[in-house]
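Asker: Below is the file upload18.txt, which contains compact mmCIF, C-alpha atoms.
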# COMPACT_ATOMS: atom_id res chain seq x y z
CA MET A 4 0.00 0.00 0.00
CA GLN A 5 2.71 2.40 1.07
CA ASN A 6 4.81 1.41 -1.95
CA THR A 7 2.03 2.15 -4.46
CA GLU A 8 1.30 5.41 -2.67
CA ARG A 9 4.98 6.26 -2.87
CA GLN A 10 5.02 5.54 -6.58
CA LYS A 11 1.85 7.56 -7.06
CA PHE A 12 3.45 10.49 -5.25
CA GLU A 13 6.47 10.42 -7.57
CA GLU A 14 4.39 9.86 -10.69
CA ASN A 15 2.21 12.86 -9.80
CA TRP A 16 5.22 15.12 -9.54
CA LYS A 17 6.86 13.69 -12.63
CA ASP A 18 3.68 14.22 -14.67
CA ALA A 19 3.27 17.74 -13.31
CA PHE A 20 6.69 18.75 -14.64
CA ASP A 21 6.67 16.58 -17.76
CA GLY A 22 6.97 18.85 -20.80
CA ALA A 23 6.54 21.92 -18.60
CA GLU A 24 7.89 25.14 -20.08
CA ALA A 25 8.71 28.61 -18.78
CA THR A 26 10.09 31.43 -20.90
CA PRO A 27 13.35 32.89 -19.65
CA PRO A 28 13.95 36.64 -20.12
CA ASP A 29 15.83 37.85 -23.26
CA GLY A 30 18.71 38.92 -21.05
CA VAL A 31 19.78 35.28 -20.63
CA TRP A 32 20.47 34.85 -24.36
CA ASN A 33 22.20 38.25 -24.52
CA SER A 34 24.53 37.19 -21.68
CA ILE A 35 25.21 33.84 -23.38
CA GLU A 36 25.98 35.62 -26.67
CA LEU A 37 28.34 38.05 -24.90
CA ASP A 38 30.14 35.19 -23.17
CA LEU A 39 30.48 33.26 -26.43
CA ALA A 40 31.77 36.36 -28.24
CA GLY A 41 34.30 36.91 -25.46
CA HIS A 42 35.38 33.27 -25.66
CA GLU A 43 35.72 33.52 -29.45
CA SER A 44 37.82 36.70 -29.20
CA VAL A 45 40.09 34.94 -26.68
CA VAL A 46 40.41 32.01 -29.09
CA MET A 47 41.11 34.46 -31.94
CA LYS A 48 43.74 36.29 -29.85
CA LYS A 49 45.39 32.96 -29.05
CA LYS A 50 45.37 32.07 -32.76
CA VAL A 51 46.83 35.47 -33.70
CA VAL A 52 49.57 35.10 -31.07
CA PHE A 53 50.25 31.56 -32.30
CA TYR A 54 50.57 32.67 -35.93
CA GLN A 55 52.69 35.68 -34.94
CA ARG A 56 55.06 33.38 -33.06
CA LEU A 57 55.04 30.93 -35.93
CA ALA A 58 55.91 33.72 -38.38
CA ALA A 59 58.68 34.99 -36.09
CA ALA A 60 60.05 31.46 -35.73
CA MET A 61 59.98 31.01 -39.50
CA VAL A 62 61.84 34.30 -40.03
CA VAL A 63 64.48 33.29 -37.45
CA PHE A 64 64.75 29.84 -39.07
CA ALA A 65 65.08 31.39 -42.53
CA LEU A 66 67.80 33.75 -41.26
CA LEU A 67 69.68 30.91 -39.57
CA ALA A 68 69.32 28.68 -42.62
CA GLY A 69 70.47 31.55 -44.88
CA THR A 70 73.48 32.29 -42.68
CA TYR A 71 74.40 28.61 -42.54
CA ALA A 72 74.03 28.28 -46.31
CA PHE A 73 76.12 31.41 -46.85
CA TYR A 74 78.95 30.21 -44.58
CA THR A 75 78.99 26.71 -45.96
CA SER A 76 79.05 28.04 -49.55
CA THR A 77 81.86 30.50 -48.77
CA ASN A 78 83.81 27.77 -46.95
CA GLU A 79 83.36 25.46 -49.89
CA ALA A 80 84.51 28.22 -52.22
CA ARG A 81 87.54 28.84 -50.00
CA GLY A 82 88.20 25.12 -49.87
CA THR A 83 88.17 24.75 -53.63
CA ARG A 84 90.29 27.86 -54.01
CA HIS A 85 92.73 26.48 -51.43
CA GLU A 86 92.79 23.13 -53.22
CA GLN A 87 93.36 24.85 -56.51
CA SER A 88 96.17 26.96 -55.10
CA ALA A 89 97.59 23.83 -53.43
CA THR A 90 97.58 21.96 -56.76
CA ASN A 91 99.16 24.97 -58.44
CA GLU A 92 101.82 25.22 -55.77
CA LYS A 93 102.87 21.50 -55.83
CA PRO A 94 104.76 21.56 -59.17
CA SER A 95 106.82 24.55 -58.01
CA VAL A 96 107.81 22.56 -54.90
CA LYS A 97 108.88 19.71 -57.13
CA THR A 98 110.91 22.07 -59.31
CA LYS A 99 112.45 23.49 -56.18
CA GLU A 100 113.21 19.96 -55.06
CA LYS A 101 114.56 19.28 -58.51
CA ASP A 102 116.54 22.48 -58.31
CA ASN A 103 117.76 21.48 -54.88
CA GLY A 104 118.73 18.12 -56.32
CA ASN A 105 120.59 19.76 -59.15
CA SER A 106 122.38 22.17 -56.90
CA SER A 107 123.48 19.34 -54.56
CA VAL A 108 124.84 17.45 -57.57
CA LYS A 109 126.59 20.62 -58.63
CA MET A 110 127.95 21.02 -55.12
CA LYS A 111 129.19 17.42 -55.08
CA ALA A 112 130.89 17.99 -58.48
CA GLN A 113 132.57 21.16 -57.24
CA LYS A 114 133.81 19.27 -54.12
CA ARG A 115 135.28 16.57 -56.35
CA ILE A 116 137.03 19.19 -58.48
CA LEU A 117 138.44 20.78 -55.43
CA MET B 27 14.09 35.09 -43.75
CA SER B 28 15.13 35.73 -40.13
CA ASN B 29 17.63 33.64 -38.16
CA ASP B 30 14.81 32.29 -35.98
CA GLN B 31 12.94 31.02 -39.05
CA ILE B 32 16.10 29.44 -40.42
CA GLY B 33 16.71 27.80 -37.03
CA PHE B 34 13.15 26.45 -36.91
CA MET B 35 13.59 24.88 -40.33
CA LEU B 36 16.95 23.30 -39.52
CA GLY B 37 17.06 19.65 -38.45
CA GLU B 38 18.70 18.54 -35.21
CA LYS B 39 21.79 17.27 -37.04
CA GLU B 40 22.31 20.54 -38.90
CA LEU B 41 21.80 22.46 -35.67
CA ILE B 42 24.46 20.40 -33.89
CA GLN B 43 26.91 20.80 -36.79
CA GLY B 44 26.23 24.54 -36.94
CA CYS B 45 26.74 24.93 -33.18
CA ALA B 46 29.96 22.90 -33.32
CA LYS B 47 31.26 25.35 -35.97
CA GLY B 48 30.31 28.26 -33.71
CA ASP B 49 27.56 29.52 -36.03
CA ARG B 50 25.59 32.05 -33.97
CA ALA B 51 22.27 31.49 -35.81
CA SER B 52 22.44 27.75 -35.07
CA GLN B 53 23.32 28.44 -31.44
CA LYS B 54 20.37 30.78 -31.09
CA ALA B 55 18.06 28.27 -32.78
CA LEU B 56 19.18 25.50 -30.39
CA TYR B 57 18.70 27.83 -27.44
CA GLU B 58 15.22 28.83 -28.64
CA ARG B 59 14.29 25.18 -29.04
CA TYR B 60 15.25 24.04 -25.53
CA CYS B 61 15.45 27.11 -23.28
CA ARG B 62 11.85 26.92 -22.04
CA LYS B 63 12.04 23.28 -20.94
CA MET B 64 15.48 23.82 -19.43
CA MET B 65 14.26 26.89 -17.55
CA VAL B 66 11.82 24.68 -15.62
CA VAL B 67 14.62 22.17 -14.88
CA CYS B 68 16.78 25.01 -13.53
CA GLN B 69 13.90 26.44 -11.50
CA ARG B 70 13.30 23.06 -9.85
CA TYR B 71 16.91 22.91 -8.63
CA SER B 72 17.28 26.52 -7.53
CA ARG B 73 15.85 28.70 -4.78
CA SER B 74 14.81 31.58 -7.03
CA THR B 75 14.17 32.55 -10.64
CA GLN B 76 17.33 34.68 -10.68
CA GLU B 77 19.41 31.68 -9.60
CA ALA B 78 17.66 29.54 -12.24
CA GLU B 79 18.54 32.06 -14.96
CA ASP B 80 22.20 31.98 -13.89
CA ILE B 81 22.23 28.17 -14.08
CA LEU B 82 20.47 28.28 -17.48
CA GLN B 83 23.07 30.71 -18.81
CA GLU B 84 26.03 28.72 -17.48
CA GLY B 85 24.50 25.48 -18.73
CA PHE B 86 24.00 26.72 -22.30
CA ILE B 87 27.54 28.14 -22.43
CA LYS B 88 28.82 24.68 -21.40
CA ILE B 89 26.58 23.08 -24.05
CA PHE B 90 27.89 25.32 -26.85
CA LYS B 91 31.50 24.79 -25.79
CA SER B 92 31.19 20.99 -25.64
CA ILE B 93 28.61 20.22 -28.34
CA GLY B 94 31.40 18.88 -30.54
CA GLU B 95 31.68 16.00 -28.04
CA PHE B 96 28.00 15.01 -28.46
CA ARG B 97 28.00 11.56 -30.06
CA ALA B 98 24.24 11.02 -30.53
CA GLU B 99 24.32 7.98 -28.21
CA SER B 100 21.38 9.59 -26.42
CA LYS B 101 18.75 12.09 -27.47
CA LEU B 102 20.00 15.67 -27.70
CA GLU B 103 17.37 16.78 -25.19
CA THR B 104 18.54 14.14 -22.69
CA TRP B 105 22.16 15.28 -23.14
CA ILE B 106 21.20 18.94 -22.68
CA THR B 107 19.10 18.13 -19.59
CA ARG B 108 22.01 16.16 -18.07
CA ILE B 109 24.35 19.14 -18.54
CA MET B 110 21.77 21.45 -16.95
CA ILE B 111 21.34 19.12 -13.96
CA ASN B 112 25.12 18.84 -13.51
CA THR B 113 25.45 22.63 -13.71
CA ALA B 114 22.68 23.00 -11.14
CA LEU B 115 24.30 20.40 -8.86
CA ASN B 116 27.67 22.14 -9.13
CA SER B 117 26.10 25.43 -8.16
CA GLN B 118 24.37 23.73 -5.22
CA ARG B 119 27.33 21.58 -4.19
CA GLN B 120 28.97 24.30 -2.15
CA LYS B 121 25.71 24.88 -0.30
CA LEU B 122 25.29 21.15 0.21
CA TYR B 123 28.71 21.03 1.88
CA LEU B 124 28.02 24.16 3.89
CA LEU B 125 24.73 22.74 5.10
CA PRO B 126 25.64 19.23 6.18
CA MET B 127 23.01 16.61 5.47
CA VAL B 128 21.26 15.52 8.63
CA ASP B 129 19.85 12.03 8.88
CA VAL B 130 16.16 12.36 9.62
CA THR B 131 15.22 8.72 9.61
CA GLY B 132 12.68 9.27 12.40
CA ILE B 133 10.17 10.96 10.13
CA SER B 134 7.10 8.78 9.71
CA LEU B 135 4.97 9.20 6.65
CA PRO B 136 1.34 8.54 7.54
CA GLU B 137 -0.76 7.02 4.80
CA ARG B 138 -3.04 9.60 3.32
CA GLU B 139 -4.83 10.50 0.16
CA GLU B 140 -2.57 12.26 -2.33
CA ILE B 141 -3.58 15.75 -3.34
CA SER B 142 -3.92 16.04 -7.09
CA LEU B 143 -1.23 18.29 -8.48
CA SER B 144 -3.37 19.15 -11.51
CA GLU B 145 -5.18 21.63 -9.26
CA PHE B 146 -2.00 23.66 -9.03
CA HIS B 147 -0.47 25.98 -11.56
CA LEU B 148 3.12 25.28 -12.67
CA ASP B 149 4.41 28.47 -11.02
CA GLU B 150 2.87 27.39 -7.70
CA LEU B 151 4.47 23.94 -7.91
CA ILE B 152 7.86 25.49 -8.72
CA LYS B 153 7.54 27.82 -5.74
CA ILE B 154 6.64 24.88 -3.46
CA VAL B 155 9.70 22.92 -4.65
CA GLN B 156 11.92 26.01 -4.35
CA SER B 157 10.81 26.46 -0.74
CA LEU B 158 12.40 23.12 0.22
CA PRO B 159 15.79 23.19 1.99
CA ASP B 160 18.71 22.83 -0.48
CA GLY B 161 19.58 19.18 0.32
CA CYS B 162 15.96 18.03 0.29
CA ARG B 163 15.23 19.86 -2.97
CA VAL B 164 18.17 18.32 -4.82
CA VAL B 165 17.42 14.77 -3.63
CA PHE B 166 13.69 15.17 -4.36
CA ASN B 167 14.41 16.32 -7.93
CA LEU B 168 16.91 13.55 -8.60
CA PHE B 169 14.74 10.79 -7.12
CA ALA B 170 11.15 11.76 -7.93
CA ILE B 171 11.50 13.69 -11.20
CA GLU B 172 14.72 12.43 -12.80
CA GLY B 173 14.20 8.86 -11.59
CA TYR B 174 17.66 8.17 -10.14
CA GLY B 175 18.01 5.56 -7.39
CA HIS B 176 19.26 6.46 -3.90
CA GLN B 177 22.55 4.64 -4.57
CA GLU B 178 23.19 6.78 -7.67
CA ILE B 179 22.20 9.97 -5.83
CA ALA B 180 24.55 9.08 -2.99
CA LYS B 181 27.42 8.74 -5.50
CA MET B 182 26.51 11.94 -7.33
CA LEU B 183 26.32 14.05 -4.19
CA ASP B 184 29.02 12.21 -2.24
CA ILE B 185 26.65 11.40 0.61
CA SER B 186 25.49 8.13 2.16
CA GLU B 187 22.53 6.23 0.75
CA GLY B 188 20.80 6.60 4.12
CA THR B 189 21.18 10.38 3.97
CA SER B 190 19.68 10.41 0.48
CA LYS B 191 16.69 8.36 1.67
CA SER B 192 16.13 10.45 4.76
CA GLN B 193 16.43 13.70 2.82
CA TYR B 194 13.88 12.38 0.35
CA ASN B 195 11.48 11.43 3.13
CA ARG B 196 11.87 14.86 4.64
CA ALA B 197 11.21 16.50 1.26
CA LYS B 198 8.14 14.34 0.81
CA SER B 199 6.62 15.21 4.17
CA LEU B 200 7.37 18.93 3.69
CA LEU B 201 5.81 18.88 0.22
CA ARG B 202 2.69 17.13 1.47
CA ALA B 203 2.30 19.64 4.27
CA LYS B 204 2.74 22.56 1.87
CA LEU B 205 0.32 21.10 -0.67
CA GLU B 206 -2.31 20.50 2.00
CA ARG B 207 -1.95 24.02 3.28
CA GLU B 208 -2.16 25.50 -0.23
CA ASN B 209 -5.11 23.24 -1.08
CA ARG B 210 -6.99 24.17 2.09
CA TYR B 211 -6.34 27.82 1.36
CA ALA B 212 -7.61 27.46 -2.19
CA LYS B 213 -10.72 25.49 -1.15
CA TYR B 214 -11.84 27.22 2.02
CA GLY B 215 -9.96 30.51 1.88
CA GLU B 216 -8.09 29.76 5.14
CA ALA B 217 -5.25 32.09 5.90
CA LYS B 218 -1.82 30.66 5.06
CA VAL B 219 0.21 29.94 8.18
Go through the file and emit its structure as structure tokens.
Answerer:
Amino acid sequence: MQNTERQKFEENWKDAFDGAEATPPDGVWNSIELDLAGHESVVMKKKVVFYQRLAAAMVVFALLAGTYAFYTSTNEARGTRHEQSATNEKPSVKTKEKDNGNSSVKMKAQKRIL
Amino acid sequence: MSNDQIGFMLGEKELIQGCAKGDRASQKALYERYCRKMMVVCQRYSRSTQEAEDILQEGFIKIFKSIGEFRAESKLETWITRIMINTALNSQRQKLYLLPMVDVTGISLPEREEISLSEFHLDELIKIVQSLPDGCRVVFNLFAIEGYGHQEIAKMLDISEGTSKSQYNRAKSLLRAKLERENRYAKYGEAKV
């Protein structure tokens, strides 16, 4: 008996509120809209800051990459120039050595004469 | 064609997709579709209309921010109602901690004829529910209207099952007393005590 009464009590209340509607004032939507706009502007600001940082990082990266490329190219150029000069210089060393060889032979011949 | 008319014509799926993209017309249309039902839900859980409006506002902001997570496993209305109830519970939680639940197991509920609620206007019923103490009101709403069991309510509110039952009994006896008083006043014009 008590159980059915208990269920009836709950059912009554459930039915009373089932599909019930009450109109909220317009101010509620206005406040929601303001909050959403504020949230969106915060999101936009975060996006702007993100893209600004990304752009700055890209500029720094481009500068670093450019500097690196410049130094490596100049080093390579120096290296090739150095190699070229080294290859140019080698025969003269040999001639010197040859000259040295000749002069020592000459010296030995002079010693013999003496 | 106004935004409201566009919103009325849109299907639920389109509304959800529009809201997820942050389209204001879709958000307004969704609000227009559910705000009246949700207002009653908020009124049932709060002490005043002002408090209900605050919960409604906070609830809809949460809905718009998290609608992308809605997976259509339940009806949209059920999902929206659940968010509203959670928002209402969060706003009440501090009060529930401040006002510790008291076990009132001693309350006996004499068998009596139920007063028909159809004699009352919705505003009167809301006022009667709002007049309940915070703990009783929350437990009454969750048990009688939402249909949760005492075990679930105990988990939700972090209270014991016994406290949930006793708070519900207290709410029930207070509601009966209020209804009888209102009914007597309406029938015989007795002064309200």
Asker: Residues of chain B within 10 Å of chain A, using only C-alpha atoms, as a VMD selection string?
Answerer: chain B and resid 48 50 53 to 54 57 to 58 60 to 67 69 to 70 75 to 76 78 to 87 90 to 91 135 to 144 146 to 149 151 to 152 166 to 167 169 to 173 198 202
Asker: Could you list as a PyMOL selection string every residue that has an atom within 12 Å of (31.8, 20.3, -32.6), using the file's coordinates and counting all atoms listed in the file?
Answerer: chain B and resi 39-49+53+89-97
Asker: With 3 Å of padding per side, what axis-aligned box (centre and edge lengths, Å, one decimal) covers all the listed atoms of region 163-173 of chain B? Give it as JSON.
Answerer:
{"center_x": 14.7, "center_y": 14.4, "center_z": -7.9, "size_x": 13.0, "size_y": 17.0, "size_z": 15.8}
Asker: Hey, which of B:Lys153, B:Arg207, B:Arg108, B:Lys121 ends up closest to Leu168 (chain B)? Count all atoms listed in the file.
Answerer: B:Arg108
Asker: Mind giving me the straight-line distance from CA of Ala114 (chain B) to CA of Asn195 (chain B) in Å, one decimal?
Answerer: 21.5 Å
Asker: Please report the interatomic distance between CA of Met110 (chain B) and CA of Lys191 (chain B) in Å with one decimal.
Answerer: 23.3 Å
Asker: Do you have the CA of Gly161 (chain B)-CA of Glu103 (chain B) distance handy?
Answerer: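 Distance between the two atoms: 25.7 Å.
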Asker: Of the candidates B:Leu205, B:Cys68, B:Ala98, B:Ala180, which shows the shortest atom-to-atom distance to Val165 (chain B), using only C-alpha atoms?
Answerer: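 Nearest candidate to Val165 (chain B) out of B:Leu205, B:Cys68, B:Ala98, B:Ala180: B:Ala180.
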Asker: So, counting only C-alpha atoms, which residue among B:Asn209, B:Thr113, B:Ser72, B:Gln177 is closest to Cys162 (chain B)?
Answerer: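 Closest to Cys162 (chain B) of all the choices is B:Ser72.
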Asker: Since fewer atoms than expected are present, regenerate N, CA and C atoms for region 35-58 of chain A and write them as an mmCIF file, in the frame of the given file.
Answerer:
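Ended up saving to out_7.cif:
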data_model
loop_
_atom_site.group_PDB
_atom_site.id
_atom_site.type_symbol
_atom_site.label_atom_id
_atom_site.label_comp_id
_atom_site.auth_asym_id
_atom_site.auth_seq_id
_atom_site.Cartn_x
_atom_site.Cartn_y
_atom_site.Cartn_z
ATOM 1 N N ILE A 35 24.560 35.002 -22.763
ATOM 2 C CA ILE A 35 25.210 33.840 -23.380
ATOM 3 C C ILE A 35 26.005 34.289 -24.606
ATOM 4 N N GLU A 36 25.356 35.126 -25.434
ATOM 5 C CA GLU A 36 25.980 35.620 -26.670
ATOM 6 C C GLU A 36 27.261 36.411 -26.347
ATOM 7 N N LEU A 37 27.172 37.253 -25.310
ATOM 8 C CA LEU A 37 28.340 38.050 -24.900
ATOM 9 C C LEU A 37 29.478 37.137 -24.464
ATOM 10 N N ASP A 38 29.129 36.135 -23.667
ATOM 11 C CA ASP A 38 30.140 35.190 -23.170
ATOM 12 C C ASP A 38 30.802 34.436 -24.325
ATOM 13 N N LEU A 39 29.955 34.004 -25.277
ATOM 14 C CA LEU A 39 30.480 33.260 -26.430
ATOM 15 C C LEU A 39 31.386 34.150 -27.286
ATOM 16 N N ALA A 40 30.957 35.417 -27.456
ATOM 17 C CA ALA A 40 31.770 36.360 -28.240
ATOM 18 C C ALA A 40 33.114 36.591 -27.558
ATOM 19 N N GLY A 41 33.075 36.740 -26.237
ATOM 20 C CA GLY A 41 34.300 36.910 -25.460
ATOM 21 C C GLY A 41 35.212 35.716 -25.598
ATOM 22 N N HIS A 42 34.611 34.532 -25.525
ATOM 23 C CA HIS A 42 35.380 33.270 -25.660
ATOM 24 C C HIS A 42 36.009 33.186 -27.047
ATOM 25 N N GLU A 43 35.203 33.566 -28.070
ATOM 26 C CA GLU A 43 35.720 33.520 -29.450
ATOM 27 C C GLU A 43 36.870 34.501 -29.650
ATOM 28 N N SER A 44 36.740 35.712 -29.039
ATOM 29 C CA SER A 44 37.820 36.700 -29.200
ATOM 30 C C SER A 44 39.090 36.211 -28.502
ATOM 31 N N VAL A 45 38.923 35.512 -27.374
ATOM 32 C CA VAL A 45 40.090 34.940 -26.680
ATOM 33 C C VAL A 45 40.748 33.891 -27.567
ATOM 34 N N VAL A 46 39.895 33.053 -28.183
ATOM 35 C CA VAL A 46 40.410 32.010 -29.090
ATOM 36 C C VAL A 46 41.137 32.660 -30.272
ATOM 37 N N MET A 47 40.509 33.746 -30.810
ATOM 38 C CA MET A 47 41.110 34.460 -31.940
ATOM 39 C C MET A 47 42.461 35.054 -31.548
ATOM 40 N N LYS A 48 42.498 35.675 -30.337
ATOM 41 C CA LYS A 48 43.740 36.290 -29.850
ATOM 42 C C LYS A 48 44.820 35.212 -29.739
ATOM 43 N N LYS A 49 44.435 34.063 -29.192
ATOM 44 C CA LYS A 49 45.390 32.960 -29.050
ATOM 45 C C LYS A 49 45.901 32.522 -30.416
ATOM 46 N N LYS A 50 44.978 32.469 -31.400
ATOM 47 C CA LYS A 50 45.370 32.070 -32.760
ATOM 48 C C LYS A 50 46.333 33.086 -33.352
ATOM 49 N N VAL A 51 45.986 34.397 -33.158
ATOM 50 C CA VAL A 51 46.830 35.470 -33.700
ATOM 51 C C VAL A 51 48.231 35.386 -33.091
ATOM 52 N N VAL A 52 48.275 35.212 -31.761
ATOM 53 C CA VAL A 52 49.570 35.100 -31.070
ATOM 54 C C VAL A 52 50.336 33.896 -31.599
ATOM 55 N N PHE A 53 49.610 32.781 -31.797
ATOM 56 C CA PHE A 53 50.250 31.560 -32.300
ATOM 57 C C PHE A 53 50.868 31.797 -33.676
ATOM 58 N N TYR A 54 50.073 32.438 -34.569
ATOM 59 C CA TYR A 54 50.570 32.670 -35.930
ATOM 60 C C TYR A 54 51.707 33.702 -35.950
ATOM 61 N N GLN A 55 51.609 34.692 -35.030
ATOM 62 C CA GLN A 55 52.690 35.680 -34.940
ATOM 63 C C GLN A 55 53.992 34.975 -34.538
ATOM 64 N N ARG A 56 53.880 34.109 -33.539
ATOM 65 C CA ARG A 56 55.060 33.380 -33.060
ATOM 66 C C ARG A 56 55.602 32.445 -34.146
ATOM 67 N N LEU A 57 54.649 31.836 -34.851
ATOM 68 C CA LEU A 57 55.040 30.930 -35.930
ATOM 69 C C LEU A 57 55.796 31.689 -37.016
ATOM 70 N N ALA A 58 55.264 32.888 -37.357
ATOM 71 C CA ALA A 58 55.910 33.720 -38.380
ATOM 72 C C ALA A 58 57.301 34.144 -37.917
#
